[in-house]
Structure formats: structure tokens, C-alpha cells
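Participant: File start.cif follows (mmCIF, N, CA and C atoms):
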```cif
data_structure
loop_
_atom_site.label_atom_id
_atom_site.label_comp_id
_atom_site.auth_asym_id
_atom_site.auth_seq_id
_atom_site.Cartn_x
_atom_site.Cartn_y
_atom_site.Cartn_z
N MET H 1 0.83 -1.20 0.00
CA MET H 1 0.00 0.00 0.00
C MET H 1 0.87 1.25 0.00
N LYS H 2 1.96 1.20 0.76
CA LYS H 2 2.83 2.37 0.82
C LYS H 2 3.50 2.63 -0.52
N LYS H 3 3.86 1.54 -1.23
CA LYS H 3 4.49 1.71 -2.53
C LYS H 3 3.55 2.44 -3.49
N GLN H 4 2.27 2.11 -3.44
CA GLN H 4 1.29 2.77 -4.31
C GLN H 4 1.22 4.26 -3.98
N ASN H 5 1.22 4.62 -2.71
CA ASN H 5 1.18 6.03 -2.34
C ASN H 5 2.45 6.75 -2.79
N ASP H 6 3.61 6.11 -2.64
CA ASP H 6 4.86 6.71 -3.10
C ASP H 6 4.83 6.89 -4.61
N PHE H 7 4.27 5.93 -5.29
CA PHE H 7 4.21 5.98 -6.75
C PHE H 7 3.31 7.13 -7.20
N LYS H 8 2.14 7.25 -6.56
CA LYS H 8 1.23 8.35 -6.91
C LYS H 8 1.83 9.71 -6.57
N SER H 9 2.52 9.77 -5.44
CA SER H 9 3.13 11.06 -5.07
C SER H 9 4.27 11.42 -6.03
N ALA H 10 5.00 10.42 -6.51
CA ALA H 10 6.07 10.69 -7.47
C ALA H 10 5.49 11.24 -8.77
N ILE H 11 4.38 10.65 -9.21
CA ILE H 11 3.73 11.14 -10.44
C ILE H 11 3.22 12.56 -10.24
N SER H 12 2.57 12.82 -9.11
CA SER H 12 2.01 14.16 -8.89
C SER H 12 3.13 15.22 -8.74
N LEU H 13 4.22 14.86 -8.07
CA LEU H 13 5.34 15.81 -7.94
C LEU H 13 5.98 16.09 -9.30
N THR H 14 6.10 15.09 -10.11
CA THR H 14 6.68 15.29 -11.45
C THR H 14 5.76 16.15 -12.31
N GLU H 15 4.46 15.92 -12.20
CA GLU H 15 3.51 16.75 -12.96
C GLU H 15 3.56 18.21 -12.50
N ASP H 16 3.69 18.42 -11.19
CA ASP H 16 3.82 19.80 -10.67
C ASP H 16 5.11 20.46 -11.18
N ALA H 17 6.21 19.71 -11.17
CA ALA H 17 7.48 20.25 -11.67
C ALA H 17 7.37 20.58 -13.16
N ARG H 18 6.67 19.75 -13.89
CA ARG H 18 6.48 20.00 -15.33
C ARG H 18 5.68 21.28 -15.56
N LEU H 19 4.61 21.45 -14.77
CA LEU H 19 3.81 22.67 -14.91
C LEU H 19 4.62 23.92 -14.56
N ASN H 20 5.44 23.83 -13.51
CA ASN H 20 6.29 24.97 -13.15
C ASN H 20 7.29 25.29 -14.25
N ALA H 21 7.85 24.24 -14.87
CA ALA H 21 8.79 24.46 -15.97
C ALA H 21 8.09 25.06 -17.18
N LEU H 22 6.86 24.61 -17.44
CA LEU H 22 6.09 25.20 -18.55
C LEU H 22 5.79 26.68 -18.30
N ARG H 23 5.48 27.02 -17.05
CA ARG H 23 5.23 28.43 -16.71
C ARG H 23 6.49 29.27 -16.90
N ALA H 24 7.63 28.72 -16.46
CA ALA H 24 8.90 29.45 -16.62
C ALA H 24 9.24 29.61 -18.10
N LYS H 25 8.96 28.59 -18.88
CA LYS H 25 9.21 28.68 -20.32
C LYS H 25 8.31 29.72 -20.97
N ARG H 26 7.06 29.77 -20.52
CA ARG H 26 6.12 30.76 -21.05
C ARG H 26 6.54 32.18 -20.68
N ASP H 27 7.00 32.35 -19.44
CA ASP H 27 7.45 33.68 -19.01
C ASP H 27 8.67 34.15 -19.80
N ALA H 28 9.57 33.21 -20.10
CA ALA H 28 10.79 33.58 -20.82
C ALA H 28 10.57 33.61 -22.33
N GLY H 29 9.45 33.11 -22.79
CA GLY H 29 9.20 33.04 -24.22
C GLY H 29 8.60 34.32 -24.77
N ASP H 30 8.73 34.48 -26.08
CA ASP H 30 8.17 35.64 -26.78
C ASP H 30 6.65 35.45 -26.88
N PRO H 31 5.84 36.45 -26.48
CA PRO H 31 4.38 36.28 -26.53
C PRO H 31 3.84 36.15 -27.96
N HIS H 32 4.54 36.70 -28.93
CA HIS H 32 4.06 36.63 -30.31
C HIS H 32 4.53 35.35 -31.02
N ASN H 33 5.63 34.78 -30.57
CA ASN H 33 6.16 33.54 -31.15
C ASN H 33 6.56 32.63 -29.98
N PRO H 34 5.70 31.70 -29.60
CA PRO H 34 5.97 30.90 -28.41
C PRO H 34 7.14 29.93 -28.55
N PHE H 35 7.67 29.76 -29.76
CA PHE H 35 8.80 28.85 -29.95
C PHE H 35 10.14 29.57 -29.88
N CYS H 36 10.12 30.83 -29.59
CA CYS H 36 11.36 31.62 -29.46
C CYS H 36 11.37 32.29 -28.09
N ALA H 37 12.58 32.58 -27.62
CA ALA H 37 12.74 33.24 -26.33
C ALA H 37 12.76 34.75 -26.50
N LYS H 38 12.47 35.46 -25.41
CA LYS H 38 12.62 36.91 -25.41
C LYS H 38 14.11 37.23 -25.47
N SER H 39 14.41 38.37 -26.03
CA SER H 39 15.83 38.73 -26.13
C SER H 39 16.41 38.92 -24.73
N GLY H 40 17.54 38.28 -24.50
CA GLY H 40 18.21 38.39 -23.20
C GLY H 40 17.82 37.28 -22.24
N ARG H 41 16.77 36.51 -22.53
CA ARG H 41 16.31 35.44 -21.62
C ARG H 41 16.40 34.07 -22.29
N GLU H 42 17.31 33.92 -23.24
CA GLU H 42 17.42 32.66 -23.98
C GLU H 42 17.85 31.49 -23.08
N ALA H 43 18.80 31.74 -22.18
CA ALA H 43 19.30 30.67 -21.30
C ALA H 43 18.17 30.16 -20.40
N GLU H 44 17.40 31.07 -19.85
CA GLU H 44 16.28 30.68 -18.99
C GLU H 44 15.23 29.88 -19.79
N TYR H 45 14.98 30.32 -21.01
CA TYR H 45 13.99 29.66 -21.86
C TYR H 45 14.42 28.23 -22.19
N TYR H 46 15.68 28.06 -22.59
CA TYR H 46 16.16 26.72 -22.97
C TYR H 46 16.30 25.80 -21.76
N LYS H 47 16.64 26.38 -20.62
CA LYS H 47 16.71 25.58 -19.39
C LYS H 47 15.32 25.07 -19.02
N ALA H 48 14.31 25.92 -19.14
CA ALA H 48 12.93 25.51 -18.85
C ALA H 48 12.45 24.47 -19.86
N ALA H 49 12.85 24.64 -21.13
CA ALA H 49 12.46 23.66 -22.16
C ALA H 49 13.09 22.29 -21.86
N GLN H 50 14.33 22.28 -21.42
CA GLN H 50 14.97 21.01 -21.05
C GLN H 50 14.30 20.38 -19.83
N SER H 51 13.89 21.20 -18.89
CA SER H 51 13.19 20.69 -17.71
C SER H 51 11.87 20.05 -18.10
N VAL H 52 11.16 20.67 -19.03
CA VAL H 52 9.89 20.11 -19.50
C VAL H 52 10.13 18.76 -20.16
N GLN H 53 11.16 18.67 -21.00
CA GLN H 53 11.46 17.39 -21.65
C GLN H 53 11.86 16.32 -20.64
N ALA H 54 12.63 16.70 -19.64
CA ALA H 54 13.04 15.74 -18.61
C ALA H 54 11.82 15.24 -17.82
N CYS H 55 10.92 16.15 -17.48
CA CYS H 55 9.71 15.76 -16.74
C CYS H 55 8.83 14.86 -17.60
N ASP H 56 8.73 15.16 -18.90
CA ASP H 56 7.96 14.30 -19.80
C ASP H 56 8.54 12.89 -19.83
N LEU H 57 9.85 12.79 -19.89
CA LEU H 57 10.50 11.48 -19.90
C LEU H 57 10.25 10.72 -18.60
N ILE H 58 10.37 11.42 -17.48
CA ILE H 58 10.13 10.78 -16.18
C ILE H 58 8.69 10.32 -16.07
N LEU H 59 7.74 11.15 -16.50
CA LEU H 59 6.33 10.75 -16.45
C LEU H 59 6.06 9.54 -17.34
N LYS H 60 6.69 9.51 -18.49
CA LYS H 60 6.51 8.37 -19.40
C LYS H 60 6.99 7.08 -18.74
N VAL H 61 8.15 7.14 -18.09
CA VAL H 61 8.70 5.96 -17.43
C VAL H 61 7.82 5.53 -16.26
N LEU H 62 7.35 6.50 -15.47
CA LEU H 62 6.50 6.17 -14.32
C LEU H 62 5.18 5.54 -14.75
N LYS H 63 4.57 6.09 -15.80
CA LYS H 63 3.30 5.54 -16.26
C LYS H 63 3.49 4.17 -16.90
N LYS H 64 4.63 3.96 -17.55
CA LYS H 64 4.92 2.64 -18.12
C LYS H 64 5.07 1.61 -17.00
N GLU H 65 5.74 2.00 -15.93
CA GLU H 65 5.91 1.10 -14.78
C GLU H 65 4.56 0.78 -14.14
N LYS H 66 3.70 1.78 -14.05
CA LYS H 66 2.37 1.56 -13.48
C LYS H 66 1.57 0.59 -14.34
N ASN H 67 1.64 0.73 -15.66
CA ASN H 67 0.94 -0.18 -16.55
C ASN H 67 1.50 -1.59 -16.48
N GLU H 68 2.82 -1.71 -16.32
CA GLU H 68 3.41 -3.04 -16.20
C GLU H 68 2.94 -3.75 -14.94
N GLU H 69 2.80 -3.02 -13.84
CA GLU H 69 2.29 -3.62 -12.61
C GLU H 69 0.85 -4.12 -12.80
N ALA H 70 0.03 -3.32 -13.47
CA ALA H 70 -1.35 -3.73 -13.72
C ALA H 70 -1.40 -4.95 -14.61
N TRP H 71 -0.55 -4.99 -15.65
CA TRP H 71 -0.53 -6.15 -16.54
C TRP H 71 -0.03 -7.40 -15.81
N LYS H 72 0.91 -7.22 -14.90
CA LYS H 72 1.42 -8.37 -14.16
C LYS H 72 0.32 -8.99 -13.30
N LYS H 73 -0.48 -8.15 -12.66
CA LYS H 73 -1.60 -8.66 -11.87
C LYS H 73 -2.63 -9.35 -12.75
N ALA H 74 -2.91 -8.76 -13.91
CA ALA H 74 -3.88 -9.35 -14.82
C ALA H 74 -3.38 -10.69 -15.35
N ARG H 75 -2.09 -10.80 -15.61
CA ARG H 75 -1.54 -12.06 -16.11
C ARG H 75 -1.68 -13.17 -15.09
N THR H 76 -1.45 -12.88 -13.80
CA THR H 76 -1.58 -13.92 -12.78
C THR H 76 -3.03 -14.38 -12.66
N VAL H 77 -3.96 -13.44 -12.72
CA VAL H 77 -5.38 -13.81 -12.66
C VAL H 77 -5.76 -14.63 -13.88
N LYS H 78 -5.28 -14.23 -15.03
CA LYS H 78 -5.57 -14.96 -16.27
C LYS H 78 -4.99 -16.38 -16.21
N ARG H 79 -3.77 -16.49 -15.70
CA ARG H 79 -3.14 -17.81 -15.61
C ARG H 79 -3.92 -18.73 -14.67
N LYS H 80 -4.39 -18.19 -13.54
CA LYS H 80 -5.16 -19.00 -12.60
C LYS H 80 -6.50 -19.42 -13.20
N ALA H 81 -7.15 -18.50 -13.90
CA ALA H 81 -8.43 -18.83 -14.53
C ALA H 81 -8.25 -19.89 -15.62
N LYS H 82 -7.18 -19.78 -16.37
CA LYS H 82 -6.90 -20.76 -17.42
C LYS H 82 -6.64 -22.14 -16.81
N HIS H 83 -5.90 -22.17 -15.72
CA HIS H 83 -5.63 -23.44 -15.05
C HIS H 83 -6.91 -24.06 -14.52
N LEU H 84 -7.76 -23.25 -13.91
CA LEU H 84 -9.04 -23.75 -13.40
C LEU H 84 -9.91 -24.29 -14.52
N PHE H 85 -9.94 -23.58 -15.64
CA PHE H 85 -10.73 -24.02 -16.79
C PHE H 85 -10.21 -25.34 -17.36
N THR H 86 -8.90 -25.48 -17.47
CA THR H 86 -8.36 -26.73 -18.00
C THR H 86 -8.61 -27.90 -17.06
N CYS H 87 -8.54 -27.65 -15.74
CA CYS H 87 -8.85 -28.73 -14.79
C CYS H 87 -10.32 -29.15 -14.90
N ALA H 88 -11.21 -28.17 -15.02
CA ALA H 88 -12.64 -28.50 -15.16
C ALA H 88 -12.90 -29.26 -16.46
N MET H 89 -12.25 -28.85 -17.53
CA MET H 89 -12.43 -29.57 -18.80
C MET H 89 -11.87 -30.99 -18.71
N ASP H 90 -10.77 -31.17 -18.00
CA ASP H 90 -10.24 -32.52 -17.83
C ASP H 90 -11.24 -33.42 -17.11
N VAL H 91 -11.87 -32.88 -16.06
CA VAL H 91 -12.86 -33.67 -15.31
C VAL H 91 -14.04 -34.03 -16.21
N PHE H 92 -14.55 -33.06 -16.97
CA PHE H 92 -15.70 -33.33 -17.84
C PHE H 92 -15.36 -34.32 -18.95
N VAL H 93 -14.20 -34.19 -19.53
CA VAL H 93 -13.81 -35.10 -20.61
C VAL H 93 -13.64 -36.51 -20.07
N MET H 94 -12.98 -36.64 -18.92
CA MET H 94 -12.80 -37.97 -18.33
C MET H 94 -14.14 -38.59 -17.96
N ALA H 95 -15.03 -37.79 -17.38
CA ALA H 95 -16.35 -38.32 -17.04
C ALA H 95 -17.10 -38.75 -18.29
N GLY H 96 -16.99 -37.97 -19.35
CA GLY H 96 -17.66 -38.33 -20.61
C GLY H 96 -17.09 -39.60 -21.22
N LEU H 97 -15.78 -39.73 -21.20
CA LEU H 97 -15.17 -40.94 -21.76
C LEU H 97 -15.52 -42.18 -20.95
N ILE H 98 -15.51 -42.03 -19.64
CA ILE H 98 -15.87 -43.17 -18.79
C ILE H 98 -17.35 -43.52 -19.00
N ALA H 99 -18.19 -42.51 -19.09
CA ALA H 99 -19.62 -42.77 -19.32
C ALA H 99 -19.82 -43.45 -20.67
N LEU H 100 -19.09 -43.01 -21.67
CA LEU H 100 -19.20 -43.64 -22.98
C LEU H 100 -18.75 -45.09 -22.94
N ALA H 101 -17.67 -45.36 -22.22
CA ALA H 101 -17.19 -46.73 -22.11
C ALA H 101 -18.17 -47.60 -21.34
N CYS H 102 -18.73 -47.06 -20.25
CA CYS H 102 -19.68 -47.85 -19.46
C CYS H 102 -21.04 -47.97 -20.13
N MET H 103 -21.43 -46.98 -20.88
CA MET H 103 -22.72 -47.06 -21.57
C MET H 103 -22.64 -47.96 -22.80
N GLY H 104 -21.44 -48.39 -23.12
CA GLY H 104 -21.29 -49.32 -24.23
C GLY H 104 -22.09 -50.59 -24.00
N PHE H 105 -22.20 -51.03 -22.74
CA PHE H 105 -23.01 -52.22 -22.44
C PHE H 105 -24.48 -51.98 -22.78
N ALA H 106 -24.97 -50.79 -22.46
CA ALA H 106 -26.36 -50.48 -22.80
C ALA H 106 -26.53 -50.40 -24.31
N ALA H 107 -25.53 -49.88 -25.00
CA ALA H 107 -25.62 -49.79 -26.46
C ALA H 107 -25.64 -51.18 -27.09
N VAL H 108 -24.87 -52.10 -26.53
CA VAL H 108 -24.86 -53.47 -27.06
C VAL H 108 -26.22 -54.13 -26.84
N THR H 109 -26.83 -53.90 -25.68
CA THR H 109 -28.14 -54.51 -25.42
C THR H 109 -29.20 -53.95 -26.36
N VAL H 110 -29.11 -52.66 -26.69
CA VAL H 110 -30.05 -52.07 -27.64
C VAL H 110 -29.80 -52.61 -29.04
N LEU H 111 -28.53 -52.79 -29.38
CA LEU H 111 -28.17 -53.28 -30.70
C LEU H 111 -28.68 -54.71 -30.93
N PHE H 112 -28.59 -55.54 -29.92
CA PHE H 112 -29.07 -56.91 -30.05
C PHE H 112 -30.56 -57.06 -29.73
N LYS H 113 -31.23 -55.94 -29.49
CA LYS H 113 -32.68 -55.88 -29.27
C LYS H 113 -33.12 -56.77 -28.10
N PHE H 114 -32.42 -56.60 -26.95
CA PHE H 114 -32.85 -57.29 -25.75
C PHE H 114 -34.12 -56.63 -25.23
N TYR H 115 -34.69 -57.25 -24.21
CA TYR H 115 -35.91 -56.70 -23.62
C TYR H 115 -35.60 -55.39 -22.89
N ASP H 116 -36.66 -54.59 -22.72
CA ASP H 116 -36.50 -53.27 -22.10
C ASP H 116 -35.92 -53.32 -20.69
N PRO H 117 -36.35 -54.25 -19.81
CA PRO H 117 -35.75 -54.25 -18.46
C PRO H 117 -34.24 -54.49 -18.48
N ILE H 118 -33.76 -55.28 -19.41
CA ILE H 118 -32.32 -55.56 -19.49
C ILE H 118 -31.58 -54.30 -19.97
N ILE H 119 -32.18 -53.59 -20.94
CA ILE H 119 -31.57 -52.35 -21.45
C ILE H 119 -31.51 -51.30 -20.35
N GLN H 120 -32.61 -51.17 -19.60
CA GLN H 120 -32.64 -50.19 -18.53
C GLN H 120 -31.63 -50.53 -17.43
N ALA H 121 -31.54 -51.80 -17.10
CA ALA H 121 -30.59 -52.21 -16.06
C ALA H 121 -29.15 -51.95 -16.52
N ALA H 122 -28.85 -52.25 -17.78
CA ALA H 122 -27.49 -52.02 -18.29
C ALA H 122 -27.16 -50.53 -18.30
N SER H 123 -28.12 -49.69 -18.65
CA SER H 123 -27.85 -48.25 -18.68
C SER H 123 -27.69 -47.70 -17.27
N VAL H 124 -28.48 -48.17 -16.31
CA VAL H 124 -28.34 -47.71 -14.93
C VAL H 124 -27.00 -48.15 -14.35
N ILE H 125 -26.61 -49.40 -14.62
CA ILE H 125 -25.33 -49.89 -14.13
C ILE H 125 -24.18 -49.12 -14.78
N GLY H 126 -24.31 -48.85 -16.07
CA GLY H 126 -23.25 -48.10 -16.78
C GLY H 126 -23.14 -46.67 -16.27
N ALA H 127 -24.28 -46.02 -16.05
CA ALA H 127 -24.25 -44.65 -15.54
C ALA H 127 -23.70 -44.61 -14.12
N SER H 128 -24.05 -45.58 -13.30
CA SER H 128 -23.54 -45.63 -11.93
C SER H 128 -22.04 -45.86 -11.92
N ALA H 129 -21.58 -46.77 -12.77
CA ALA H 129 -20.14 -47.04 -12.84
C ALA H 129 -19.38 -45.81 -13.34
N ALA H 130 -19.95 -45.11 -14.32
CA ALA H 130 -19.29 -43.92 -14.84
C ALA H 130 -19.22 -42.83 -13.78
N LEU H 131 -20.31 -42.66 -13.04
CA LEU H 131 -20.32 -41.65 -11.98
C LEU H 131 -19.34 -41.99 -10.88
N ALA H 132 -19.28 -43.26 -10.49
CA ALA H 132 -18.33 -43.67 -9.46
C ALA H 132 -16.89 -43.48 -9.92
N ALA H 133 -16.62 -43.81 -11.16
CA ALA H 133 -15.25 -43.66 -11.69
C ALA H 133 -14.87 -42.18 -11.78
N ALA H 134 -15.82 -41.33 -12.19
CA ALA H 134 -15.53 -39.91 -12.29
C ALA H 134 -15.28 -39.28 -10.94
N LEU H 135 -16.03 -39.71 -9.95
CA LEU H 135 -15.85 -39.15 -8.61
C LEU H 135 -14.56 -39.65 -7.97
N CYS H 136 -14.14 -40.85 -8.31
CA CYS H 136 -12.90 -41.39 -7.74
C CYS H 136 -11.67 -40.77 -8.41
N GLN H 137 -11.81 -40.24 -9.62
CA GLN H 137 -10.66 -39.68 -10.34
C GLN H 137 -10.14 -38.43 -9.66
N LYS H 138 -11.00 -37.52 -9.29
CA LYS H 138 -10.54 -36.23 -8.74
C LYS H 138 -10.91 -36.08 -7.31
#
```
So, in terms of C-alpha cells, how does the structure I just supplied come out?
Facilitator:
Amino acid sequence: MKKQNDFKSAISLTEDARLNALRAKRDAGDPHNPFCAKSGREAEYYKAAQSVQACDLILKVLKKEKNEEAWKKARTVKRKAKHLFTCAMDVFVMAGLIALACMGFAAVTVLFKFYDPIIQAASVIGASAALAAALCQK
């Protein structure tokens, strides 16, 4: 928490310094041509212009660091969600394959046209075995 406050204060202090440098540049600049200095105040004007560029560079680096921290947090959340999704898909696929293997007995009874009670019993036994196997897996 303290790092976040230091980070925000560094950004706000740099923005304040940039504004002060812009004001100094404006004061030393020619009112009719803002890209030129007043006569006799060229050193002050160029010093303020360099300060503005330095503050811009510092702000760019600070904001890039802030974005990297946010992306790092998002990547960890994304990685955990992806892992959870793959684990859930593994459970569902295994349960489906086991159910398909166990329901094969019911499919054989239907294929050979056995009586309905035998088909129902085979499907109940197959479904029960598939459920038991799926629950024992994870």
C-alpha cells in the first residue's frame, strides 16, 4: 500500500514540476512567437524547455511502470483462470469418456434388441459405474 502512495506522489510531484517548468518557459518566451525566447532570456527559456522534456520522460517511465504492474496482476489472474478451466475440462472429458465406455453395455443390449428391463438395467449400471469412476478420479 505504501508503494502505491509513493508511486502516486512521485507522479504528482513530477507533474507539478512539469507545470512549473512550462510556466517558466512561457514567461521567458516571446508572446508573439511561443517557440522563441525573449531577447536576453534565452538561457532561462532553454533551461525551462529542457526541464519540461526531462519531466515528460520521467512521467513516461512512471506511467509505463504503473501499466506493467497492472498487466502483471492481470496475467496472474488470467493464468489461474486458465488453469481452473483446463482442470474443469479434464474432469468433464474424463467423465464423458468413462460414461461412454460404461454405456457401451447399454448400447450393445439395444443393438441386439434385448428386452426393455435388461436395457434399462445395463444403462443404470453403466451410468452408476461412470459416476463412481468420475468421482474417484478427482
Participant: What's around Ala127 of chain H at 12 Å? Count only C-alpha atoms, leave out sequence neighbours fewer than 4 positions away in its own chain, and write the answer as a PyMOL selection string.
Facilitator: chain H and resi 95-106+120-123+131-134
Participant: Emit the selected residues as a compact mmCIF listing (two decimals), in the coordinates of the input, including N, CA and C atoms.
Facilitator:
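So the final result, stored in out_22.txt, reads:
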```txt
# COMPACT_ATOMS: atom_id res chain seq x y z
N ALA H 95 -15.03 -37.79 -17.38
CA ALA H 95 -16.35 -38.32 -17.04
C ALA H 95 -17.10 -38.75 -18.29
N GLY H 96 -16.99 -37.97 -19.35
CA GLY H 96 -17.66 -38.33 -20.61
C GLY H 96 -17.09 -39.60 -21.22
N LEU H 97 -15.78 -39.73 -21.20
CA LEU H 97 -15.17 -40.94 -21.76
C LEU H 97 -15.52 -42.18 -20.95
N ILE H 98 -15.51 -42.03 -19.64
CA ILE H 98 -15.87 -43.17 -18.79
C ILE H 98 -17.35 -43.52 -19.00
N ALA H 99 -18.19 -42.51 -19.09
CA ALA H 99 -19.62 -42.77 -19.32
C ALA H 99 -19.82 -43.45 -20.67
N LEU H 100 -19.09 -43.01 -21.67
CA LEU H 100 -19.20 -43.64 -22.98
C LEU H 100 -18.75 -45.09 -22.94
N ALA H 101 -17.67 -45.36 -22.22
CA ALA H 101 -17.19 -46.73 -22.11
C ALA H 101 -18.17 -47.60 -21.34
N CYS H 102 -18.73 -47.06 -20.25
CA CYS H 102 -19.68 -47.85 -19.46
C CYS H 102 -21.04 -47.97 -20.13
N MET H 103 -21.43 -46.98 -20.88
CA MET H 103 -22.72 -47.06 -21.57
C MET H 103 -22.64 -47.96 -22.80
N GLY H 104 -21.44 -48.39 -23.12
CA GLY H 104 -21.29 -49.32 -24.23
C GLY H 104 -22.09 -50.59 -24.00
N PHE H 105 -22.20 -51.03 -22.74
CA PHE H 105 -23.01 -52.22 -22.44
C PHE H 105 -24.48 -51.98 -22.78
N ALA H 106 -24.97 -50.79 -22.46
CA ALA H 106 -26.36 -50.48 -22.80
C ALA H 106 -26.53 -50.40 -24.31
N GLN H 120 -32.61 -51.17 -19.60
CA GLN H 120 -32.64 -50.19 -18.53
C GLN H 120 -31.63 -50.53 -17.43
N ALA H 121 -31.54 -51.80 -17.10
CA ALA H 121 -30.59 -52.21 -16.06
C ALA H 121 -29.15 -51.95 -16.52
N ALA H 122 -28.85 -52.25 -17.78
CA ALA H 122 -27.49 -52.02 -18.29
C ALA H 122 -27.16 -50.53 -18.30
N SER H 123 -28.12 -49.69 -18.65
CA SER H 123 -27.85 -48.25 -18.68
C SER H 123 -27.69 -47.70 -17.27
N LEU H 131 -20.31 -42.66 -13.04
CA LEU H 131 -20.32 -41.65 -11.98
C LEU H 131 -19.34 -41.99 -10.88
N ALA H 132 -19.28 -43.26 -10.49
CA ALA H 132 -18.33 -43.67 -9.46
C ALA H 132 -16.89 -43.48 -9.92
N ALA H 133 -16.62 -43.81 -11.16
CA ALA H 133 -15.25 -43.66 -11.69
C ALA H 133 -14.87 -42.18 -11.78
N ALA H 134 -15.82 -41.33 -12.19
CA ALA H 134 -15.53 -39.91 -12.29
C ALA H 134 -15.28 -39.28 -10.94
```
Participant: How far is it from atom CA of Val91 of chain H to atom CA of Leu135 of chain H, in Å with one decimal?
Facilitator: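 Between atom CA of Val91 of chain H and atom CA of Leu135 of chain H the gap is 9.2 Å.
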Participant: Quick one, how far is atom N of Gly29 of chain H from atom C of Ala17 of chain H?
Facilitator: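 So the two atoms, atom N of Gly29 of chain H and atom C of Ala17 of chain H, lie 15.9 Å apart.
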Participant: Evaluate the PyMOL selection byres (((chain H and resi 63 and name CA) around 12) and name CA) against this structure - the residues, as number ranges by chain, please.
Facilitator: H: 7-8, 10-12, 14-15, 56-62, 64-70
Participant: Can you tell me which residues surround Lys47 of chain H at a distance of at most 12 Å, considering only C-alpha atoms, apart from same-chain residues fewer than 5 positions away, and format the answer as a list of chain:residue names?
Facilitator: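 Final neighbour list, sorted by chain and number: H:Ala21, H:Leu22, H:Ala24, H:Lys25, H:Arg26, H:Ala28, H:Gly29, H:Ala37, H:Arg41, H:Glu42, H:Val52, H:Gln53, H:Ala54.
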Participant: Take atom CA of Val77 of chain H and atom CA of Ser9 of chain H and report the distance between them in Å, one decimal.
Facilitator: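 Here the two named atoms are 27.4 Å from each other.
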Participant: Got a sec to write segment 105-124 of chain H of the block to a file, N, CA and C atoms, as a PDB file, in the first residue's frame?
Facilitator:
```
ATOM      1  N   PHE H 105     -22.205 -51.031 -22.738  1.00  0.00           N
ATOM      2  CA  PHE H 105     -23.010 -52.217 -22.439  1.00  0.00           C
ATOM      3  C   PHE H 105     -24.477 -51.983 -22.783  1.00  0.00           C
ATOM      4  N   ALA H 106     -24.965 -50.794 -22.465  1.00  0.00           N
ATOM      5  CA  ALA H 106     -26.363 -50.479 -22.797  1.00  0.00           C
ATOM      6  C   ALA H 106     -26.534 -50.404 -24.313  1.00  0.00           C
ATOM      7  N   ALA H 107     -25.534 -49.881 -25.005  1.00  0.00           N
ATOM      8  CA  ALA H 107     -25.622 -49.790 -26.458  1.00  0.00           C
ATOM      9  C   ALA H 107     -25.638 -51.181 -27.093  1.00  0.00           C
ATOM     10  N   VAL H 108     -24.869 -52.096 -26.530  1.00  0.00           N
ATOM     11  CA  VAL H 108     -24.860 -53.473 -27.056  1.00  0.00           C
ATOM     12  C   VAL H 108     -26.217 -54.128 -26.837  1.00  0.00           C
ATOM     13  N   THR H 109     -26.828 -53.903 -25.678  1.00  0.00           N
ATOM     14  CA  THR H 109     -28.145 -54.514 -25.420  1.00  0.00           C
ATOM     15  C   THR H 109     -29.199 -53.948 -26.360  1.00  0.00           C
ATOM     16  N   VAL H 110     -29.106 -52.662 -26.691  1.00  0.00           N
ATOM     17  CA  VAL H 110     -30.053 -52.066 -27.639  1.00  0.00           C
ATOM     18  C   VAL H 110     -29.800 -52.612 -29.039  1.00  0.00           C
ATOM     19  N   LEU H 111     -28.530 -52.789 -29.378  1.00  0.00           N
ATOM     20  CA  LEU H 111     -28.173 -53.278 -30.702  1.00  0.00           C
ATOM     21  C   LEU H 111     -28.683 -54.706 -30.929  1.00  0.00           C
ATOM     22  N   PHE H 112     -28.589 -55.536 -29.916  1.00  0.00           N
ATOM     23  CA  PHE H 112     -29.073 -56.911 -30.047  1.00  0.00           C
ATOM     24  C   PHE H 112     -30.556 -57.056 -29.735  1.00  0.00           C
ATOM     25  N   LYS H 113     -31.234 -55.937 -29.495  1.00  0.00           N
ATOM     26  CA  LYS H 113     -32.685 -55.879 -29.267  1.00  0.00           C
ATOM     27  C   LYS H 113     -33.125 -56.769 -28.100  1.00  0.00           C
ATOM     28  N   PHE H 114     -32.423 -56.602 -26.951  1.00  0.00           N
ATOM     29  CA  PHE H 114     -32.848 -57.289 -25.752  1.00  0.00           C
ATOM     30  C   PHE H 114     -34.119 -56.633 -25.226  1.00  0.00           C
ATOM     31  N   TYR H 115     -34.690 -57.245 -24.206  1.00  0.00           N
ATOM     32  CA  TYR H 115     -35.908 -56.703 -23.616  1.00  0.00           C
ATOM     33  C   TYR H 115     -35.603 -55.387 -22.886  1.00  0.00           C
ATOM     34  N   ASP H 116     -36.662 -54.592 -22.721  1.00  0.00           N
ATOM     35  CA  ASP H 116     -36.501 -53.272 -22.099  1.00  0.00           C
ATOM     36  C   ASP H 116     -35.921 -53.316 -20.688  1.00  0.00           C
ATOM     37  N   PRO H 117     -36.350 -54.247 -19.806  1.00  0.00           N
ATOM     38  CA  PRO H 117     -35.749 -54.247 -18.458  1.00  0.00           C
ATOM     39  C   PRO H 117     -34.237 -54.487 -18.479  1.00  0.00           C
ATOM     40  N   ILE H 118     -33.762 -55.281 -19.413  1.00  0.00           N
ATOM     41  CA  ILE H 118     -32.324 -55.557 -19.489  1.00  0.00           C
ATOM     42  C   ILE H 118     -31.583 -54.299 -19.967  1.00  0.00           C
ATOM     43  N   ILE H 119     -32.176 -53.590 -20.938  1.00  0.00           N
ATOM     44  CA  ILE H 119     -31.572 -52.354 -21.448  1.00  0.00           C
ATOM     45  C   ILE H 119     -31.506 -51.301 -20.347  1.00  0.00           C
ATOM     46  N   GLN H 120     -32.609 -51.170 -19.602  1.00  0.00           N
ATOM     47  CA  GLN H 120     -32.637 -50.187 -18.526  1.00  0.00           C
ATOM     48  C   GLN H 120     -31.632 -50.534 -17.434  1.00  0.00           C
ATOM     49  N   ALA H 121     -31.538 -51.798 -17.099  1.00  0.00           N
ATOM     50  CA  ALA H 121     -30.586 -52.215 -16.063  1.00  0.00           C
ATOM     51  C   ALA H 121     -29.152 -51.945 -16.518  1.00  0.00           C
ATOM     52  N   ALA H 122     -28.848 -52.247 -17.781  1.00  0.00           N
ATOM     53  CA  ALA H 122     -27.489 -52.017 -18.291  1.00  0.00           C
ATOM     54  C   ALA H 122     -27.158 -50.529 -18.303  1.00  0.00           C
ATOM     55  N   SER H 123     -28.125 -49.691 -18.654  1.00  0.00           N
ATOM     56  CA  SER H 123     -27.854 -48.254 -18.679  1.00  0.00           C
ATOM     57  C   SER H 123     -27.694 -47.696 -17.273  1.00  0.00           C
ATOM     58  N   VAL H 124     -28.481 -48.173 -16.313  1.00  0.00           N
ATOM     59  CA  VAL H 124     -28.342 -47.715 -14.926  1.00  0.00           C
ATOM     60  C   VAL H 124     -27.000 -48.153 -14.354  1.00  0.00           C
TER      61      VAL H 124
END
```
